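Please read the structure below before turning to the comments.
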Amino acid sequence: MKVDVILGLQWGDEGKGKLVDVVCPTYPIIARFQGGPNAGHSLVIHGKKMVLNTIPSGIFRDGSTNVAGSGMVLNPVGLLREIKMLEANGVPVKDRLVLSRRAHLILPTHPLLDAAMEQAKGDEKIGSTLKGIGPAYSDKTARQGIRLGDLDNGRFDANFREQIARHTDELNRHGSDLSELNALCDEWKKSLDEIAAYQRADTEFFLNKALDRGEPILAEGAQGTLLDLEFGSYPFVTSSHTTVAGVCSGLGVAPQRVGKVMGIFKAYCTRVGSGPFPTELNNETGDFLRQTGHEFGATTGRPRRCGWIDLPALRYAIMLNGVTDLIMTKADVLSGLPEIGVCTHYRTANGRTPYFPSDLDGVEPVIKMIPGWNQSLTESTSEDALPAQLLRYIDLLEDELDRPIRIVSVGPDRRQTIHRR
């Protein structure tokens, strides 16, 4: 049996949460492989919106097991808040959630460091969510991090005090306000004590044994390919590996155990925070996409930058991830636009190219305009009900990307999903 993967092909916010929820009934196990509470996976179930930051998006499905893998970073305070929200909505989290002992913890000082370092950058800000993700991964890489499994050894309290002291020295150098630090540490420890009552496991063994028994697994990514630490638009990237390679390193499964790779993209393009964005629309059309698509961060509330779909970037993401199937979301947002833009190539100092370069400075998009459609899509239940112009748009994308678009999402609810023939 294989690990199938669902991940984002753009700069995040592609709608992974909804699609994991839609696809996961055929998978008994859903596993997040990277990131942390910087993710905001929004799901609308029977008209009610739920936002998940850390917990895998299969948590609402009866009989599912949801694994927070070793490649993640966990904040006990936010995780406990998320658990309580789910339990208040009748979700039996203790029966469905398994936390990796190898997952690193976001300490109460990590968000403070995040804010201090971002502030120090001035006009060169990355656009961090300020959730402490970068500092937590930095400590992990520097071999100074604290893992969830460390709760089971006798050194946890001493390690915690040592790391907080080290962080405090650095924060003092930044001139940070530490008046609330003791209260933050108390809340963090109390939350961690409650988290300790939930299932913890060496999840790499749990997952591989499940595959050996013939149980399929769905791996869920966070953020998007173009934010990957290695292959994204560096330095405006996240601190983890958002590509399919992160499945192996973040879950502990071998490459040959990866099966289908489902790549999700919006029918247009968005980005949060700083960094290059070749197809960005700083005009009324960009405002239309933002307002109609409710393009505001599920985690931060920040308005997203909006633009036309970018095929060089998508081709690049498809190549990096070995994508087998495409899923297009938010097609409904484009309804009502007389024309829709498609970036087919870039214009660079060295001429026109279909490729996504390592440096996007000076890149200009080559835009092809195609007819739009006026028909609302939100009540569509089959491919036959879609307007001809949208079907031509889908055909164009499939021809350019050389991959089939298997699913088209026409609204935020799990029912607003069209599985194509």
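Quick note on naming: the chains in the structure tokens go A, B, ... in the order shown, residues restart at 1 in each chain, and ligands are numbered from 1 in order of appearance.
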
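Excluding Arg415 in chain A itself and any same-chain residue fewer than 3 positions from it, the protein and nucleic acid residues within 9 Å of it, counting only C-alpha atoms, are Val22, Ile45, His46, Thr381, Gly411, Pro412 and Ile418 of chain A.
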
Those same residues, written as a tab-separated table (two decimals), in the first residue's frame with N, CA and C atoms?
chain	number	residue	atom	x	y	z
A	22	VAL	N	-12.61	16.21	1.69
A	22	VAL	CA	-13.39	15.59	0.61
A	22	VAL	C	-12.82	14.23	0.22
A	45	ILE	N	-18.45	22.66	6.73
A	45	ILE	CA	-19.17	21.39	6.82
A	45	ILE	C	-20.60	21.67	7.22
A	46	HIS	N	-21.51	21.38	6.28
A	46	HIS	CA	-22.94	21.67	6.49
A	46	HIS	C	-23.15	23.11	6.91
A	381	THR	N	-23.50	20.78	-9.66
A	381	THR	CA	-23.25	19.47	-9.02
A	381	THR	C	-22.59	18.47	-9.96
A	411	GLY	N	-16.98	26.10	-4.53
A	411	GLY	CA	-17.46	26.74	-3.31
A	411	GLY	C	-16.76	26.14	-2.12
A	412	PRO	N	-16.89	26.76	-0.94
A	412	PRO	CA	-16.13	26.32	0.23
A	412	PRO	C	-16.67	25.06	0.90
A	418	ILE	N	-16.87	19.02	-7.60
A	418	ILE	CA	-17.22	18.27	-8.80
A	418	ILE	C	-16.08	17.32	-9.15

For range 312-323 of chain A: contacts at 8 Å, only C-alpha atoms, fewer than 5 positions along chain excluded, given as number ranges by chain: A: 9-10, 225-226, 243-245, 260-263, 343-346, 354-356, 401, 403

Per-residue DSSP, range 36-196 of chain A, filtered to helix (DSSP H, G or I), as a VMD selection string: chain A and resid 76 to 88 93 to 96 110 to 120 122 to 124 133 to 141 148 to 152 156 to 174 181 to 195

Given only C-alpha atoms as the counted atoms, nearest of A:Leu43, A:Leu326, A:Leu377, A:Arg213 to Met1 in chain A: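 Checking each candidate against Met1 in chain A, we get A:Arg213 as the closest.
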
Computed interatomic separation between CA of Ile146 in chain A and CA of Gly175 in chain A (Å):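 So the answer is 25.0 Å.
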
Quick one: contact table of range 110-171 of chain A to range 182-186 of chain A, 12 Å max, nearest atom pair and distance in Å to one decimal per residue, counting only C-alpha atoms, chain and number order, as JSON lines?
{"residue": "A:His110", "atom": "CA", "partner": "A:Leu184", "partner_atom": "CA", "distance": 11.2}
{"residue": "A:Pro111", "atom": "CA", "partner": "A:Leu184", "partner_atom": "CA", "distance": 10.8}
{"residue": "A:Leu112", "atom": "CA", "partner": "A:Leu184", "partner_atom": "CA", "distance": 10.5}
{"residue": "A:Asp157", "atom": "CA", "partner": "A:Cys185", "partner_atom": "CA", "distance": 11.9}
{"residue": "A:Phe160", "atom": "CA", "partner": "A:Cys185", "partner_atom": "CA", "distance": 9.9}
{"residue": "A:Arg161", "atom": "CA", "partner": "A:Cys185", "partner_atom": "CA", "distance": 10.1}
{"residue": "A:Gln163", "atom": "CA", "partner": "A:Cys185", "partner_atom": "CA", "distance": 12.0}
{"residue": "A:Ile164", "atom": "CA", "partner": "A:Cys185", "partner_atom": "CA", "distance": 9.1}
{"residue": "A:Ala165", "atom": "CA", "partner": "A:Asn182", "partner_atom": "CA", "distance": 11.9}
{"residue": "A:Thr168", "atom": "CA", "partner": "A:Asn182", "partner_atom": "CA", "distance": 11.3}

Prev. selection, N, CA and C atoms, output as a short mmCIF file (atom, residue, chain, number, x, y, z; two decimals), in the first residue's frame:
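Contents of part.cif, as written:
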data_model
loop_
_atom_site.label_atom_id
_atom_site.label_comp_id
_atom_site.auth_asym_id
_atom_site.auth_seq_id
_atom_site.Cartn_x
_atom_site.Cartn_y
_atom_site.Cartn_z
N HIS A 110 9.50 31.46 21.48
CA HIS A 110 9.68 31.41 20.03
C HIS A 110 8.86 32.48 19.29
N PRO A 111 7.57 32.69 19.61
CA PRO A 111 6.85 33.78 18.94
C PRO A 111 7.44 35.15 19.25
N LEU A 112 7.96 35.34 20.46
CA LEU A 112 8.59 36.62 20.80
C LEU A 112 9.84 36.84 19.96
N ASP A 157 12.38 19.41 32.21
CA ASP A 157 12.29 20.69 32.92
C ASP A 157 13.60 21.47 32.84
N PHE A 160 13.99 22.86 29.35
CA PHE A 160 13.07 23.97 29.14
C PHE A 160 13.65 25.25 29.75
N ARG A 161 14.11 25.17 31.00
CA ARG A 161 14.68 26.35 31.67
C ARG A 161 15.91 26.86 30.91
N GLN A 163 16.63 26.54 27.68
CA GLN A 163 16.27 27.19 26.41
C GLN A 163 15.60 28.54 26.63
N ILE A 164 14.75 28.62 27.64
CA ILE A 164 14.09 29.90 27.94
C ILE A 164 15.13 30.94 28.34
N ALA A 165 16.12 30.54 29.13
CA ALA A 165 17.18 31.48 29.53
C ALA A 165 17.97 31.95 28.31
N THR A 168 15.82 34.31 26.39
CA THR A 168 15.64 35.58 27.10
C THR A 168 16.84 36.50 26.89
#

Exercise: Pro387 in chain A partners within 9 Å, only C-alpha atoms, chain neighbours under 5 positions left out, as a list in words: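 So, after excluding close chain neighbours, the residues are Trp373, Asn374, Gln375, Leu377 and Arg392 of chain A.
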
For His104 in chain A: contacts at 8 Å, only C-alpha atoms, fewer than 6 positions along chain excluded, given as number ranges by chain: A: 70-74, 136, 140, 145-148

Residue with smallest distance to Cys24 in chain A - pool A:Gly58, A:Gly362, A:Pro216, A:Gly286, counting only C-alpha atoms: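 Looking at the shortest contact to Cys24 in chain A, the residue is A:Gly58.
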
Selected residue of minimal separation from Gln223 in chain A among A:Thr129, A:Val91, A:Arg143, A:Pro338, counting only C-alpha atoms: A:Thr129
